[in-house]
Every structure is written in structure tokens, then in C-alpha cells.
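Structure file my_file-v1.txt (compact mmCIF, C-alpha atoms and all ligand atoms) is printed below.
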# COMPACT_ATOMS: atom_id res chain seq x y z
CA MET A 173 102.06 89.49 85.05
CA ALA A 174 102.82 92.35 87.36
CA THR A 175 106.28 93.88 87.83
CA PHE A 176 107.93 94.37 91.23
CA VAL A 177 109.66 97.70 91.94
CA THR A 178 112.13 97.64 94.82
CA ARG A 179 112.57 100.52 97.22
CA ALA A 180 115.89 101.36 95.58
CA GLN A 181 114.22 101.43 92.18
CA TRP A 182 111.55 103.91 93.22
CA GLY A 183 113.94 106.03 95.26
CA ALA A 184 112.62 105.32 98.75
CA ARG A 185 114.08 107.08 101.77
CA ALA A 186 115.49 104.81 104.46
CA ARG A 187 112.99 103.90 107.18
CA ARG A 188 113.71 105.57 110.52
CA SER A 189 113.35 102.32 112.40
CA SER A 190 112.31 98.71 111.97
CA ASN A 191 109.34 97.10 113.74
CA THR A 192 108.96 93.39 113.17
CA ASN A 193 106.15 93.03 115.73
CA ILE A 194 103.52 91.65 113.34
CA THR A 195 101.68 88.31 113.47
CA PRO A 196 99.92 88.09 110.09
CA ALA A 197 99.21 84.38 110.40
CA GLY A 198 96.36 85.55 112.64
CA GLY A 199 94.91 87.89 110.03
CA GLY A 200 95.96 88.34 106.41
CA VAL A 201 96.13 91.32 104.06
CA SER A 202 94.00 94.48 104.16
CA VAL A 203 93.23 96.45 101.01
CA HIS A 204 93.34 100.26 100.83
CA HIS A 205 92.94 103.00 98.27
CA VAL A 206 93.36 106.78 98.47
CA ASP A 207 90.13 107.98 100.01
CA GLY A 208 88.25 110.94 98.61
CA VAL A 209 90.12 111.98 95.48
CA ARG A 210 91.03 110.41 92.17
CA VAL A 211 94.77 109.86 92.05
CA ALA A 212 95.55 107.27 89.35
CA ARG A 213 98.25 108.59 87.02
CA THR A 214 97.77 108.47 83.27
CA ASN A 215 101.45 107.75 82.64
CA HIS A 216 103.29 105.10 84.61
CA ALA A 217 106.40 107.33 84.53
CA ASP A 218 104.62 109.44 87.16
CA CYS A 219 103.85 106.59 89.59
CA ALA A 220 107.25 106.38 91.34
CA GLY A 221 107.08 110.07 92.16
CA GLN A 222 103.59 109.55 93.53
CA VAL A 223 104.86 106.81 95.85
CA ARG A 224 107.73 109.05 97.00
CA GLY A 225 105.19 111.76 97.76
CA ILE A 226 103.10 109.38 99.88
CA GLN A 227 106.21 108.29 101.78
CA ASN A 228 107.19 111.92 102.40
CA HIS A 229 103.68 112.68 103.65
CA HIS A 230 103.68 109.72 106.02
CA MET A 231 107.18 110.45 107.38
CA ASP A 232 107.18 114.25 107.46
CA THR A 233 103.52 115.17 108.09
CA ASN A 234 102.32 112.14 110.01
CA GLY A 235 105.65 111.52 111.73
CA TRP A 236 105.71 107.82 110.96
CA THR A 237 108.87 105.77 110.52
CA ASP A 238 108.18 104.96 106.86
CA VAL A 239 105.42 104.82 104.26
CA ALA A 240 102.53 103.14 106.09
CA TYR A 241 101.77 100.39 103.57
CA SER A 242 103.39 97.01 103.06
CA HIS A 243 103.15 97.54 99.30
CA LEU A 244 101.51 99.96 96.85
CA VAL A 245 100.10 98.93 93.47
CA CYS A 246 99.33 100.98 90.37
CA VAL A 247 96.82 100.70 87.56
CA HIS A 248 99.66 99.88 85.14
CA GLY A 249 100.47 96.61 86.90
CA TYR A 250 103.43 97.51 89.12
CA VAL A 251 104.01 96.62 92.77
CA PHE A 252 105.99 99.26 94.66
CA GLU A 253 107.75 97.77 97.66
CA GLY A 254 106.54 99.46 100.83
CA ARG A 255 107.54 98.42 104.33
CA GLY A 256 107.67 94.92 102.95
CA GLU A 257 107.32 91.47 104.43
CA GLY A 258 107.89 91.07 108.15
CA GLN A 259 107.36 94.76 108.99
CA ARG A 260 104.42 96.03 111.04
CA THR A 261 102.16 98.42 109.12
CA ALA A 262 100.71 101.74 110.29
CA ALA A 263 97.79 101.78 107.88
CA ASN A 264 94.99 99.68 109.30
CA GLY A 265 93.75 102.02 112.01
CA THR A 266 93.78 99.80 115.10
CA ASN A 267 96.41 97.96 117.07
CA PRO A 268 94.89 94.54 116.28
CA GLY A 269 94.64 95.61 112.65
CA ASN A 270 98.30 96.51 112.45
CA GLN A 271 99.29 93.51 114.56
CA ASN A 272 97.66 90.86 112.38
CA TRP A 273 97.24 92.35 108.92
CA TYR A 274 99.54 93.63 106.22
CA ALA A 275 98.33 96.59 104.13
CA VAL A 276 98.35 96.98 100.34
CA CYS A 277 97.25 100.31 98.85
CA GLY A 278 95.92 100.74 95.36
CA LEU A 279 97.12 103.99 93.77
CA THR A 280 93.52 104.72 92.90
CA GLY A 281 90.92 106.75 94.69
CA GLY A 282 87.82 108.82 94.60
CA SER A 283 84.45 108.83 96.22
CA ALA A 284 81.11 107.38 95.34
CA SER A 285 80.16 107.95 91.68
CA ASN A 286 83.61 109.33 90.81
CA TYR A 287 86.24 106.65 91.24
CA ASP A 288 89.35 105.87 89.27
CA PRO A 289 88.59 102.90 87.02
CA ILE A 290 89.96 99.55 88.18
CA THR A 291 92.18 97.95 85.54
CA PRO A 292 93.06 94.26 85.06
CA GLU A 293 96.69 95.30 85.58
CA LEU A 294 95.80 96.69 89.01
CA ILE A 295 94.19 93.39 89.96
CA ASP A 296 97.31 91.52 88.77
CA ALA A 297 99.44 93.79 90.92
CA PHE A 298 97.26 93.14 93.98
CA HIS A 299 97.66 89.41 93.38
CA MET A 300 101.46 89.70 93.22
CA ALA A 301 101.64 91.87 96.34
CA ILE A 302 99.35 89.61 98.36
CA SER A 303 101.14 86.45 97.17
CA ARG A 304 104.49 87.86 98.32
CA LEU A 305 103.06 88.76 101.72
CA ARG A 306 101.91 85.15 102.07
CA SER A 307 104.95 83.32 100.72
CA SER A 308 107.64 85.57 102.22
CA GLY A 309 105.69 87.28 104.97
CA GLY A 310 103.60 84.54 106.54
CA ALA A 311 100.22 86.14 105.91
CA ALA A 312 97.11 84.01 106.31
CA ASN A 313 94.87 83.68 103.27
CA ALA A 314 92.23 86.18 104.34
CA VAL A 315 91.85 89.45 102.44
CA ASN A 316 89.75 92.24 103.90
CA GLY A 317 89.34 95.99 103.56
CA HIS A 318 90.39 98.96 105.70
CA ARG A 319 86.71 99.44 106.56
CA ASP A 320 86.66 96.03 108.24
CA HIS A 321 88.94 97.54 110.93
CA VAL A 322 87.54 101.05 111.41
CA ALA A 323 84.71 103.26 110.17
CA THR A 324 85.99 104.52 106.80
CA THR A 325 84.86 104.34 103.20
CA CYS A 326 88.32 102.97 102.24
CA PRO A 327 88.85 101.00 100.01
CA GLY A 328 85.95 102.50 98.02
CA ASN A 329 85.27 100.78 94.72
CA LEU A 330 87.85 98.11 95.56
CA TYR A 331 85.72 96.79 98.43
CA PRO A 332 83.31 94.77 96.26
CA LEU A 333 86.39 93.09 94.77
CA VAL A 334 87.53 92.24 98.28
CA GLN A 335 84.16 90.75 99.08
CA ASP A 336 83.76 88.68 95.91
CA GLY A 337 87.32 87.30 96.06
CA THR A 338 88.60 89.05 92.93
CA LEU A 339 91.60 90.54 94.75
CA ASN A 340 92.42 87.26 96.47
CA PRO A 341 95.12 85.35 94.53
CA GLY A 342 93.20 82.17 95.37
CA GLY A 343 90.07 83.67 93.88
CA GLY A 344 86.59 82.95 95.08
CA GLY A 345 86.41 79.71 93.13
CA GLY A 346 87.45 77.47 95.99
CA ALA A 347 84.34 78.11 98.01
CA PRO A 348 82.59 75.01 99.28
CA ALA A 349 79.05 74.50 98.06
CA TRP A 350 76.20 75.52 100.33
CA PRO A 351 75.37 72.42 102.38
CA GLY A 352 71.66 72.67 101.65
CA VAL A 353 70.70 73.34 105.27
CA TYR A 354 69.56 76.72 106.60
CA PHE A 355 71.35 77.70 109.82
CA ARG A 356 69.02 79.55 112.17
CA GLN A 357 68.23 79.89 115.87
CA PRO A 358 66.63 79.63 118.40
CA PRO A 359 66.90 76.87 119.41
CA VAL A 360 70.66 76.35 119.04
CA MET A 361 71.24 74.31 115.89
CA ASN A 362 74.01 71.75 115.63
CA HIS A 363 75.39 70.80 112.23
CA ALA A 364 78.92 69.98 111.05
CA SER A 365 78.78 72.63 108.34
CA VAL A 366 78.19 75.30 110.99
CA GLY A 367 81.78 74.71 112.10
CA SER A 368 83.09 75.33 108.57
CA TRP A 369 81.07 78.51 108.42
CA GLN A 370 82.27 79.71 111.85
CA SER A 371 85.90 79.06 110.90
CA ARG A 372 85.54 81.02 107.70
CA MET A 373 83.79 83.89 109.52
CA ASN A 374 86.84 84.13 111.78
CA SER A 375 89.54 83.74 109.15
CA ALA A 376 88.05 85.88 106.41
CA HIS A 377 85.75 88.32 108.15
CA GLY A 378 87.41 89.13 111.46
CA PHE A 379 84.95 87.50 113.86
CA SER A 380 85.97 85.56 116.97
CA LEU A 381 83.36 82.85 117.07
CA ALA A 382 83.80 79.60 118.94
CA VAL A 383 84.15 76.96 116.21
CA ASP A 384 81.81 74.51 117.87
CA SER A 385 79.36 73.68 115.04
CA SER A 386 76.55 75.10 117.18
CA TYR A 387 74.54 77.95 115.67
CA GLY A 388 73.52 80.05 118.66
CA PRO A 389 73.13 83.76 119.50
CA ALA A 390 76.79 84.67 118.84
CA SER A 391 76.68 83.08 115.39
CA ASP A 392 73.34 84.78 114.72
CA SER A 393 74.81 88.17 115.64
CA ALA A 394 77.90 87.65 113.45
CA CYS A 395 75.66 86.49 110.60
CA ARG A 396 73.60 89.68 110.81
CA THR A 397 76.75 91.82 110.77
CA LEU A 398 78.02 90.02 107.68
CA GLN A 399 74.66 90.29 105.96
CA SER A 400 74.58 94.02 106.62
CA ARG A 401 78.09 94.50 105.23
CA ALA A 402 77.26 92.45 102.17
CA GLY A 403 74.01 94.25 101.44
CA LEU A 404 71.90 91.15 102.02
CA VAL A 405 68.60 90.80 103.83
CA VAL A 406 69.51 90.94 107.55
CA ASP A 407 67.64 88.01 109.06
CA GLY A 408 70.30 85.99 110.90
CA VAL A 409 69.69 82.97 108.69
CA VAL A 410 72.57 81.42 106.74
CA GLY A 411 71.11 80.38 103.41
CA PRO A 412 72.80 80.19 100.01
CA ASP A 413 73.41 83.93 99.60
CA THR A 414 74.90 84.39 103.06
CA TRP A 415 76.95 81.20 102.68
CA ASN A 416 78.39 82.50 99.40
CA ALA A 417 79.06 85.91 100.94
CA THR A 418 80.94 84.17 103.72
CA PHE A 419 83.14 82.10 101.39
CA GLY A 420 83.36 84.55 98.47
ZN ZN A 501 92.76 102.74 103.89
ZN ZN A 502 101.97 102.99 87.25

Please go through the file and, once you have read it, give me the structure as C-alpha cells.
Amino acid sequence: MATFVTRAQWGARARRSSNTNITPAGGGVSVHHVDGVRVARTNHADCAGQVRGIQNHHMDTNGWTDVAYSHLVCVHGYVFEGRGEGQRTAANGTNPGNQNWYAVCGLTGGSASNYDPITPELIDAFHMAISRLRSSGGAANAVNGHRDHVATTCPGNLYPLVQDGTLNPGGGGGAPAWPGVYFRQPPVMNHASVGSWQSRMNSAHGFSLAVDSSYGPASDSACRTLQSRAGLVVDGVVGPDTWNATFG
């Protein structure tokens, strides 16, 4: 079980101003890490100072009103309170991203082939942070990554855990079974399960499909985008692998 660390406990500076203009029921929670360099501390005693340093950087160098993230989580299983529930983030890179999504940053980093290891305690801390943002902050159940908003490698080695549901407190276990029908077009294909798939594409993957149970060109295009992100064969056909990638 993770441990929550309040702003007072980690020695946060006061935010310069409050901005409650966030509508996370239309999005969810976005996952971040520290891009490019390994940053995980060996000793947890050093983590609070690390969070203070990030806040100073965001306020003094970037000129923001506060640390950008809703919460920050460390490999030792602690959740450091960031802007918190009900506050707009500055971390997701786009106005829609900051409007609809909270941001949780893992205090891990690196680049391909040299990442900080991901610990079970870190995953526990993500679960606690995301659960709070839902129960107290009104976030929808979707979890995505910074790279789903803008071109970035963030959140690095955490992204596969976003995609497979590991970082989602609900897990990936609630996924409905593949309906046994391949969705493909042309011609436009109508099937009730297409609606379930379209809804999930919107809620979990940031698409804006009409949920009309008709698999046409827009669904085909979204399918190909998802397949590309997930490293699947890009053929515009929703079979078992693409279905599982959609609901994972
Ligand atoms: Zn990021
Ligand atoms: Zn720590």
C-alpha cells in the first residue's frame, strides 16, 4: 500500500494562483516520467528534495504557477501531492490535454535501453494517485501517456504499462471478450460490438468517433492509428489482437 505525502510534508511552496478550469470527466489521467535521464533516487530520504527541485524548476525557470503535475510518485511507493484534485495541470502539452486530463509523473526516467527500473512500489503509488484523482477529482477511468497528446517519448518504459492496463487501478482484467467477428470495411459494417469498440476508442485512446455501431472509414482510420501505436500489423481490421489492445 502506497503512502500519501501532503504538500506540507514535502515542503512545497505555495502556488502562485489557483486554476480550477479542468474537466477530467472528459478524459482521465495521463502518465509521465522524466524524459532523457535516469533520476530515481536510491534512498527515499532524497525524494522530497527531488520533488522540491522539480517545483522550483517549474515555477522559477518555466514561470508556471506551481509544479506542473497533479501528483508525483516514487519507486519507494510514495505519492507526493502535486497540484492535486480539481486543479488544472500544465504538463500534458496541449490545451485539450490540460483541460481534460490530470497528470501523474513517475520519479523515474531515462531513454531507450537505459531506464530506471520500474518497481512494484511505483505501480502501487500510481494506483493510489490515479484512484484519488477519480474519487476526489472526478477523473474518468481512462489512463493514457504524455505521448498520446504530443510527439514525445514520455513516459518511456512506463508506456507499455499504460497500454496493457498495469497502471490502471481497475487493471486490464475487465476487458470484454473479443466478439468473434472481424470488423473491416468497405463496405460499412454494422454490428453492435462496433459501438462498444468505438466507445472504448474514445474513452481510453483519445479518439472522437461517432458511436454508431457502423464500422466505416473513420473507424478504419482510428483502428490503423491504434494498431500503429500498439506495434500491431496495420491493416484496419479489428481482430482479437486489436480488440485486446483497445480494451487493455
Ligand atoms: Zn511527460
Ligand atoms: Zn522515494

Fill in: Protein and nucleic acid residues near (101.9, 87.2, 110.0) (cut-off 10 Å, all atoms listed in the file) as a VMD selection string
chain A and resid 192 to 201 257 to 260 271 to 274 305 to 306 308 to 312

Discussion item. List as a PyMOL selection string the protein and nucleic acid residues lying within 6 Å of ligand ZN 502 (chain A), with only C-alpha atoms and all ligand atoms counted.
Written reply: chain A and resi 216+219+246-248+250

Any chance you can output those residues with C-alpha atoms as a PDB file, keeping the file's coordinate frame?
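Saved as result-v6.pdb:
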ATOM      1  CA  HIS A 216     103.290 105.100  84.610  1.00  0.00           C
ATOM      2  CA  CYS A 219     103.850 106.590  89.590  1.00  0.00           C
ATOM      3  CA  CYS A 246      99.330 100.980  90.370  1.00  0.00           C
ATOM      4  CA  VAL A 247      96.820 100.700  87.560  1.00  0.00           C
ATOM      5  CA  HIS A 248      99.660  99.880  85.140  1.00  0.00           C
ATOM      6  CA  TYR A 250     103.430  97.510  89.120  1.00  0.00           C
TER       7      TYR A 250
END

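Proximal residues of ligand ZN 501 (chain A) are Ser202, Val203, His204, His205, Val206, Asp207, Tyr241, Ala263, Asn264, Gly265, Ala275, Val276, Cys277, Gly278, Gly317, His318, Arg319, His321, Val322, Thr324, Thr325, Cys326, Pro327 and Gly328 of chain A, by a cut-off of 10 Å on all atoms listed in the file.
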
Item to complete: Find the residues near Asp296 (chain A): any atom within 7 Å, counting all atoms listed in the file, skip ones fewer than 5 places away on the same chain, and give them as a ChimeraX atom specification.
Response: /A:173-174,249

Worksheet entry | Within-9 Å shell of (70.1, 86.1, 109.5) in input frame, all atoms listed in the file, as a ChimeraX atom specification | /A:355-356,392-397,399,405-411,414

Worksheet entry | Within 7 Å of Asp384 (chain A) using only C-alpha atoms, minus same-chain residues under 2 positions, as a PyMOL selection string | chain A and resi 367+382+386

Discussion item. List as a VMD selection string the protein and nucleic acid residues near Ala220 (chain A), meaning an atom at most 9 Å away when all atoms listed in the file are counted, but skip any in the same chain fewer than 2 places from it.
Written reply: chain A and resid 181 to 183 216 to 218 222 to 225 252

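Taking CA of Arg372 (chain A) as the reference point, CA of Asp320 (chain A) is found at 15.1 Å.
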
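The two atoms in question, CA of Gly254 (chain A) and CA of Asn270 (chain A), are spaced 14.5 Å apart.
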
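The two atoms in question, CA of Gly282 (chain A) and CA of Met373 (chain A), are spaced 29.3 Å apart.
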
What would region 227-240 of chain A look like with N, CA and C atoms in place, written as a PDB file, in the frame of the given file?
ATOM      1  N   GLN A 227     105.244 108.566 100.710  1.00  0.00           N
ATOM      2  CA  GLN A 227     106.210 108.290 101.780  1.00  0.00           C
ATOM      3  C   GLN A 227     106.592 109.585 102.512  1.00  0.00           C
ATOM      4  N   ASN A 228     106.841 110.638 101.757  1.00  0.00           N
ATOM      5  CA  ASN A 228     107.190 111.920 102.400  1.00  0.00           C
ATOM      6  C   ASN A 228     106.066 112.384 103.312  1.00  0.00           C
ATOM      7  N   HIS A 229     104.825 112.251 102.838  1.00  0.00           N
ATOM      8  CA  HIS A 229     103.680 112.680 103.650  1.00  0.00           C
ATOM      9  C   HIS A 229     103.615 111.866 104.943  1.00  0.00           C
ATOM     10  N   HIS A 230     103.783 110.565 104.831  1.00  0.00           N
ATOM     11  CA  HIS A 230     103.680 109.720 106.020  1.00  0.00           C
ATOM     12  C   HIS A 230     104.824 109.983 107.003  1.00  0.00           C
ATOM     13  N   MET A 231     106.024 110.251 106.486  1.00  0.00           N
ATOM     14  CA  MET A 231     107.180 110.450 107.380  1.00  0.00           C
ATOM     15  C   MET A 231     107.242 111.887 107.911  1.00  0.00           C
ATOM     16  N   ASP A 232     106.949 112.854 107.059  1.00  0.00           N
ATOM     17  CA  ASP A 232     107.180 114.250 107.460  1.00  0.00           C
ATOM     18  C   ASP A 232     105.939 114.895 108.076  1.00  0.00           C
ATOM     19  N   THR A 233     104.755 114.577 107.559  1.00  0.00           N
ATOM     20  CA  THR A 233     103.520 115.170 108.090  1.00  0.00           C
ATOM     21  C   THR A 233     102.953 114.330 109.223  1.00  0.00           C
ATOM     22  N   ASN A 234     102.896 113.019 108.988  1.00  0.00           N
ATOM     23  CA  ASN A 234     102.320 112.140 110.010  1.00  0.00           C
ATOM     24  C   ASN A 234     103.340 111.719 111.069  1.00  0.00           C
ATOM     25  N   GLY A 235     104.620 111.865 110.751  1.00  0.00           N
ATOM     26  CA  GLY A 235     105.650 111.520 111.730  1.00  0.00           C
ATOM     27  C   GLY A 235     105.899 110.035 111.883  1.00  0.00           C
ATOM     28  N   TRP A 236     105.505 109.255 110.870  1.00  0.00           N
ATOM     29  CA  TRP A 236     105.710 107.820 110.960  1.00  0.00           C
ATOM     30  C   TRP A 236     107.119 107.447 110.538  1.00  0.00           C
ATOM     31  N   THR A 237     107.490 106.186 110.780  1.00  0.00           N
ATOM     32  CA  THR A 237     108.870 105.770 110.520  1.00  0.00           C
ATOM     33  C   THR A 237     109.115 105.506 109.046  1.00  0.00           C
ATOM     34  N   ASP A 238     108.042 105.374 108.266  1.00  0.00           N
ATOM     35  CA  ASP A 238     108.180 104.960 106.860  1.00  0.00           C
ATOM     36  C   ASP A 238     106.812 105.137 106.196  1.00  0.00           C
ATOM     37  N   VAL A 239     106.726 104.911 104.897  1.00  0.00           N
ATOM     38  CA  VAL A 239     105.420 104.820 104.260  1.00  0.00           C
ATOM     39  C   VAL A 239     104.612 103.759 105.020  1.00  0.00           C
ATOM     40  N   ALA A 240     103.312 103.994 105.190  1.00  0.00           N
ATOM     41  CA  ALA A 240     102.530 103.140 106.090  1.00  0.00           C
ATOM     42  C   ALA A 240     102.285 101.746 105.525  1.00  0.00           C
TER      43      ALA A 240
END
